Every structure is written in structure tokens, then in C-alpha cells.
$ cat structure_35.txt   # compact mmCIF, N, CA and C atoms
# COMPACT_ATOMS: atom_id res chain seq x y z
N VAL A 1 6.62 3.09 16.70
CA VAL A 1 5.89 4.29 16.36
C VAL A 1 5.68 4.27 14.85
N LEU A 2 4.43 4.27 14.42
CA LEU A 2 4.09 4.25 13.00
C LEU A 2 3.61 5.63 12.59
N HIS A 3 4.38 6.31 11.74
CA HIS A 3 4.08 7.68 11.32
C HIS A 3 3.52 7.65 9.90
N LEU A 4 2.20 7.78 9.79
CA LEU A 4 1.53 7.77 8.50
C LEU A 4 0.94 9.12 8.13
N ALA A 5 1.07 10.10 8.99
CA ALA A 5 0.46 11.41 8.75
C ALA A 5 1.15 12.12 7.58
N ALA A 6 0.34 12.75 6.73
CA ALA A 6 0.89 13.51 5.61
C ALA A 6 -0.19 14.38 5.00
N ILE A 7 0.23 15.46 4.39
CA ILE A 7 -0.65 16.21 3.49
C ILE A 7 -0.28 15.67 2.11
N ALA A 8 -1.07 14.73 1.62
CA ALA A 8 -0.73 14.00 0.40
C ALA A 8 -1.18 14.72 -0.87
N ASN A 9 -1.96 15.77 -0.75
CA ASN A 9 -2.40 16.52 -1.90
C ASN A 9 -1.29 17.49 -2.31
N ILE A 10 -0.70 17.26 -3.47
CA ILE A 10 0.45 18.05 -3.90
C ILE A 10 0.10 19.53 -4.04
N THR A 11 -1.07 19.84 -4.57
CA THR A 11 -1.49 21.23 -4.72
C THR A 11 -1.63 21.89 -3.36
N ALA A 12 -2.23 21.18 -2.40
CA ALA A 12 -2.39 21.74 -1.05
C ALA A 12 -1.03 22.03 -0.44
N CYS A 13 -0.05 21.18 -0.67
CA CYS A 13 1.30 21.44 -0.13
C CYS A 13 1.90 22.69 -0.74
N GLU A 14 1.70 22.88 -2.04
CA GLU A 14 2.21 24.09 -2.70
C GLU A 14 1.55 25.34 -2.13
N GLU A 15 0.26 25.24 -1.85
CA GLU A 15 -0.49 26.39 -1.34
C GLU A 15 -0.24 26.64 0.14
N ARG A 16 0.10 25.60 0.89
CA ARG A 16 0.30 25.72 2.34
C ARG A 16 1.65 25.10 2.72
N GLU A 17 2.70 25.67 2.16
CA GLU A 17 4.04 25.12 2.35
C GLU A 17 4.44 25.03 3.82
N GLY A 18 4.07 26.02 4.61
CA GLY A 18 4.42 26.00 6.04
C GLY A 18 3.79 24.83 6.77
N GLU A 19 2.55 24.52 6.43
CA GLU A 19 1.88 23.37 7.06
C GLU A 19 2.52 22.06 6.61
N ALA A 20 2.86 21.97 5.34
CA ALA A 20 3.53 20.76 4.84
C ALA A 20 4.87 20.57 5.54
N GLU A 21 5.61 21.64 5.69
CA GLU A 21 6.91 21.60 6.37
C GLU A 21 6.73 21.18 7.83
N ALA A 22 5.74 21.75 8.50
CA ALA A 22 5.50 21.43 9.91
C ALA A 22 5.15 19.96 10.10
N LEU A 23 4.32 19.42 9.22
CA LEU A 23 3.90 18.03 9.37
C LEU A 23 4.96 17.06 8.88
N HIS A 24 5.44 17.24 7.67
CA HIS A 24 6.36 16.27 7.07
C HIS A 24 7.76 16.33 7.67
N VAL A 25 8.16 17.48 8.17
CA VAL A 25 9.51 17.62 8.71
C VAL A 25 9.48 17.80 10.23
N GLY A 26 8.74 18.81 10.70
CA GLY A 26 8.72 19.11 12.13
C GLY A 26 8.17 17.97 12.98
N LEU A 27 6.99 17.48 12.63
CA LEU A 27 6.41 16.37 13.39
C LEU A 27 7.27 15.13 13.28
N THR A 28 7.81 14.89 12.12
CA THR A 28 8.67 13.72 11.93
C THR A 28 9.89 13.79 12.84
N ALA A 29 10.49 14.96 12.95
CA ALA A 29 11.65 15.13 13.85
C ALA A 29 11.25 14.88 15.30
N GLN A 30 10.08 15.38 15.68
CA GLN A 30 9.60 15.15 17.06
C GLN A 30 9.35 13.68 17.32
N LEU A 31 8.75 12.99 16.37
CA LEU A 31 8.51 11.56 16.55
C LEU A 31 9.81 10.77 16.59
N ARG A 32 10.79 11.21 15.82
CA ARG A 32 12.11 10.55 15.86
C ARG A 32 12.72 10.69 17.25
N GLU A 33 12.63 11.89 17.83
CA GLU A 33 13.15 12.10 19.18
C GLU A 33 12.42 11.23 20.19
N LEU A 34 11.10 11.13 20.06
CA LEU A 34 10.32 10.28 20.95
C LEU A 34 10.71 8.81 20.80
N ALA A 35 10.79 8.35 19.57
CA ALA A 35 11.15 6.94 19.33
C ALA A 35 12.54 6.63 19.85
N ASP A 36 13.44 7.60 19.78
CA ASP A 36 14.81 7.39 20.29
C ASP A 36 14.82 7.14 21.79
N ARG A 37 13.80 7.64 22.50
CA ARG A 37 13.73 7.46 23.95
C ARG A 37 12.97 6.20 24.34
N LEU A 38 12.34 5.56 23.37
CA LEU A 38 11.54 4.37 23.63
C LEU A 38 12.24 3.13 23.07
N PRO A 39 11.88 1.98 23.59
CA PRO A 39 12.46 0.76 23.03
C PRO A 39 11.67 0.28 21.80
N THR A 40 11.45 1.20 20.86
CA THR A 40 10.66 0.88 19.67
C THR A 40 11.17 1.68 18.48
N PRO A 41 11.07 1.12 17.28
CA PRO A 41 11.53 1.87 16.10
C PRO A 41 10.47 2.85 15.61
N LEU A 42 10.89 3.77 14.77
CA LEU A 42 10.00 4.69 14.08
C LEU A 42 9.88 4.21 12.64
N VAL A 43 8.66 3.99 12.18
CA VAL A 43 8.40 3.62 10.79
C VAL A 43 7.77 4.83 10.12
N TYR A 44 8.40 5.30 9.05
CA TYR A 44 7.98 6.51 8.34
C TYR A 44 7.64 6.14 6.90
N THR A 45 6.48 6.56 6.44
CA THR A 45 6.13 6.33 5.04
C THR A 45 6.49 7.56 4.22
N SER A 46 7.16 7.30 3.11
CA SER A 46 7.53 8.40 2.23
C SER A 46 6.76 8.26 0.92
N THR A 47 7.37 8.60 -0.18
CA THR A 47 6.67 8.62 -1.47
C THR A 47 7.67 8.47 -2.61
N ASP A 48 7.19 7.93 -3.72
CA ASP A 48 8.05 7.88 -4.91
C ASP A 48 8.23 9.27 -5.51
N GLN A 49 7.47 10.24 -5.02
CA GLN A 49 7.59 11.62 -5.51
C GLN A 49 8.95 12.23 -5.17
N VAL A 50 9.71 11.62 -4.28
CA VAL A 50 11.04 12.16 -3.96
C VAL A 50 11.99 12.02 -5.15
N PHE A 51 11.61 11.19 -6.13
CA PHE A 51 12.40 11.07 -7.35
C PHE A 51 11.87 12.05 -8.39
N ASP A 52 12.62 12.26 -9.45
CA ASP A 52 12.28 13.32 -10.40
C ASP A 52 11.20 12.96 -11.42
N GLY A 53 10.67 11.77 -11.38
CA GLY A 53 9.62 11.39 -12.31
C GLY A 53 10.13 10.73 -13.57
N ASN A 54 11.43 10.62 -13.70
CA ASN A 54 12.03 9.93 -14.84
C ASN A 54 12.45 8.54 -14.40
N PRO A 55 11.55 7.55 -14.54
CA PRO A 55 11.86 6.23 -14.04
C PRO A 55 13.01 5.59 -14.79
N PRO A 56 13.70 4.68 -14.11
CA PRO A 56 14.77 3.95 -14.78
C PRO A 56 14.18 3.06 -15.88
N PRO A 57 14.99 2.60 -16.81
CA PRO A 57 14.48 1.75 -17.89
C PRO A 57 13.84 0.47 -17.33
N ALA A 58 12.75 0.06 -17.96
CA ALA A 58 12.06 -1.17 -17.57
C ALA A 58 13.01 -2.35 -17.77
N PRO A 59 12.92 -3.36 -16.99
CA PRO A 59 11.93 -3.63 -15.95
C PRO A 59 12.33 -3.08 -14.58
N ARG A 60 13.44 -2.34 -14.50
CA ARG A 60 13.89 -1.80 -13.22
C ARG A 60 12.93 -0.75 -12.70
N ARG A 61 12.79 -0.69 -11.39
CA ARG A 61 11.97 0.33 -10.73
C ARG A 61 12.87 1.14 -9.80
N PHE A 62 12.33 2.25 -9.28
CA PHE A 62 13.09 3.01 -8.30
C PHE A 62 13.41 2.14 -7.10
N VAL A 63 14.60 2.31 -6.56
CA VAL A 63 15.02 1.62 -5.34
C VAL A 63 15.54 2.68 -4.38
N PRO A 64 15.59 2.38 -3.07
CA PRO A 64 16.03 3.39 -2.10
C PRO A 64 17.41 3.99 -2.39
N GLU A 65 18.25 3.27 -3.10
CA GLU A 65 19.59 3.78 -3.39
C GLU A 65 19.62 4.79 -4.53
N ASP A 66 18.52 4.92 -5.29
CA ASP A 66 18.48 5.90 -6.37
C ASP A 66 18.55 7.31 -5.79
N LEU A 67 19.10 8.23 -6.55
CA LEU A 67 19.28 9.60 -6.10
C LEU A 67 17.95 10.36 -6.08
N PRO A 68 17.51 10.82 -4.89
CA PRO A 68 16.29 11.61 -4.82
C PRO A 68 16.48 12.97 -5.48
N MET A 69 15.45 13.42 -6.18
CA MET A 69 15.46 14.74 -6.81
C MET A 69 14.05 15.31 -6.73
N PRO A 70 13.60 15.68 -5.52
CA PRO A 70 12.22 16.16 -5.37
C PRO A 70 11.97 17.45 -6.14
N LYS A 71 10.80 17.53 -6.76
CA LYS A 71 10.48 18.68 -7.60
C LYS A 71 9.30 19.50 -7.09
N SER A 72 8.68 19.10 -5.99
CA SER A 72 7.53 19.83 -5.46
C SER A 72 7.72 20.04 -3.96
N VAL A 73 6.91 20.90 -3.38
CA VAL A 73 6.95 21.10 -1.93
C VAL A 73 6.66 19.78 -1.23
N TYR A 74 5.65 19.06 -1.71
CA TYR A 74 5.31 17.76 -1.11
C TYR A 74 6.53 16.84 -1.11
N ALA A 75 7.16 16.68 -2.27
CA ALA A 75 8.30 15.78 -2.39
C ALA A 75 9.48 16.27 -1.56
N ARG A 76 9.74 17.57 -1.59
CA ARG A 76 10.89 18.11 -0.84
C ARG A 76 10.71 17.90 0.66
N THR A 77 9.48 18.16 1.16
CA THR A 77 9.26 18.01 2.60
C THR A 77 9.24 16.54 3.02
N LYS A 78 8.73 15.67 2.16
CA LYS A 78 8.77 14.24 2.48
C LYS A 78 10.22 13.75 2.50
N ARG A 79 11.03 14.24 1.57
CA ARG A 79 12.46 13.88 1.56
C ARG A 79 13.15 14.39 2.81
N SER A 80 12.82 15.60 3.24
CA SER A 80 13.39 16.13 4.48
C SER A 80 12.98 15.26 5.66
N GLY A 81 11.73 14.78 5.66
CA GLY A 81 11.28 13.87 6.70
C GLY A 81 12.08 12.58 6.70
N GLU A 82 12.35 12.04 5.52
CA GLU A 82 13.19 10.83 5.41
C GLU A 82 14.55 11.06 6.08
N ARG A 83 15.11 12.22 5.79
CA ARG A 83 16.44 12.53 6.33
C ARG A 83 16.40 12.66 7.86
N ARG A 84 15.30 13.18 8.41
CA ARG A 84 15.17 13.27 9.87
C ARG A 84 15.12 11.87 10.47
N VAL A 85 14.38 10.97 9.84
CA VAL A 85 14.26 9.61 10.34
C VAL A 85 15.58 8.86 10.27
N SER A 86 16.33 9.07 9.18
CA SER A 86 17.58 8.35 8.99
C SER A 86 18.74 8.96 9.77
N GLY A 87 18.51 10.14 10.36
CA GLY A 87 19.58 10.81 11.10
C GLY A 87 20.56 11.54 10.22
N LYS A 88 20.21 11.77 8.97
CA LYS A 88 21.11 12.44 8.01
C LYS A 88 20.72 13.89 7.77
N ALA A 89 19.87 14.43 8.63
CA ALA A 89 19.42 15.83 8.44
C ALA A 89 20.42 16.80 9.02

$ encode --input "structure_35.txt" --output "C-alpha cells"
Amino acid sequence: VLHLAAIANITACEEREGEAEALHVGLTAQLRELADRLPTPLVYTSTDQVFDGNPPPAPRRFVPEDLPMPKSVYARTKRSGERRVSGKA
């Protein structure tokens, strides 16, 4: 199951927080439940926006082990979606 759906416009997420939450978190949780019943993995795309915007010193880049610090509705809901997929919600 490949989950690419998102409201990627940060301003739209701020203006329509409920819709962002429903898509990035609610739908993601439903797809996780569906994938758990199928013999197939769930692939979820997230965003570098889950980090605070202060990149590590060059040449290092953000890695999945870095501490997420979402600062917008878009980033917060995408991070919540990540947690649903990983089972850490």
C-alpha cells in the first residue's frame, strides 16, 4: 500500500487543520489497519518539515534518528502520521 496523499500546502493546513488531521493522521491510521490485514507493507511519505528548520552542520543532513520538532499544522500532522505507521502512536 503506497500512501502519497497529503495536503502539502502549509498555509492550507493552517487554515483547515481538521482536514489536515483527517488526511495525514486519520486516513493514515486506516491504511495502517488495512495493510496489517494484507500480506503487504504500508509505505508512507513524510516530510523534512517534521524537523525544526535548523539543519545540522554541513555536510551532515537530517536523518530519521534526528529528533522531530514540528512547528506547523502540516508538520505536526505528518509527524502524527509517521507515528501511526510505525505503531508508536

$ residues_around --input "structure_35.txt" --residues "region 53-59 of chain A" --least-positions-apart "3" --cutoff "10 Å" --atoms "only C-alpha atoms" --output "PyMOL selection string"
chain A and resi 48-50+62-63+66+69-71

$ residues_around --input "structure_35.txt" --residues "Val73 (chain A)" --least-positions-apart "3" --cutoff "6.5 Å" --atoms "all atoms listed in the file" --output "VMD selection string"
chain A and resid 13 to 14 76 to 78

$ atom_distance --input "structure_35.txt" --atom1 "CA of Ile10 (chain A)" --atom2 "atom C of Val43 (chain A)"
20.6 Å

$ atom_distance --input "structure_35.txt" --atom1 "atom N of His24 (chain A)" --atom2 "CA of Ser46 (chain A)"
10.6 Å

$ select_by_dssp --input "structure_35.txt" --residues "chain A" --states "helix (DSSP H, G or I)" --output "PyMOL selection string"
chain A and resi 10-15+17-37+48-50+73-86

$ atom_distance --input "structure_35.txt" --atom1 "CA of Arg60 (chain A)" --atom2 "CA of Ser80 (chain A)"
25.2 Å

$ residues_near_point --input "structure_35.txt" --point "(6.0, 13.7, 7.8)" --cutoff "6 Å" --atoms "only N, CA and C atoms" --output "ChimeraX atom specification"
/A:5-6,23-25,27-28,81

$ select_by_dssp --input "structure_35.txt" --residues "chain A" --states "strand (DSSP E)" --output "VMD selection string"
chain A and resid 2 to 3 43 to 44
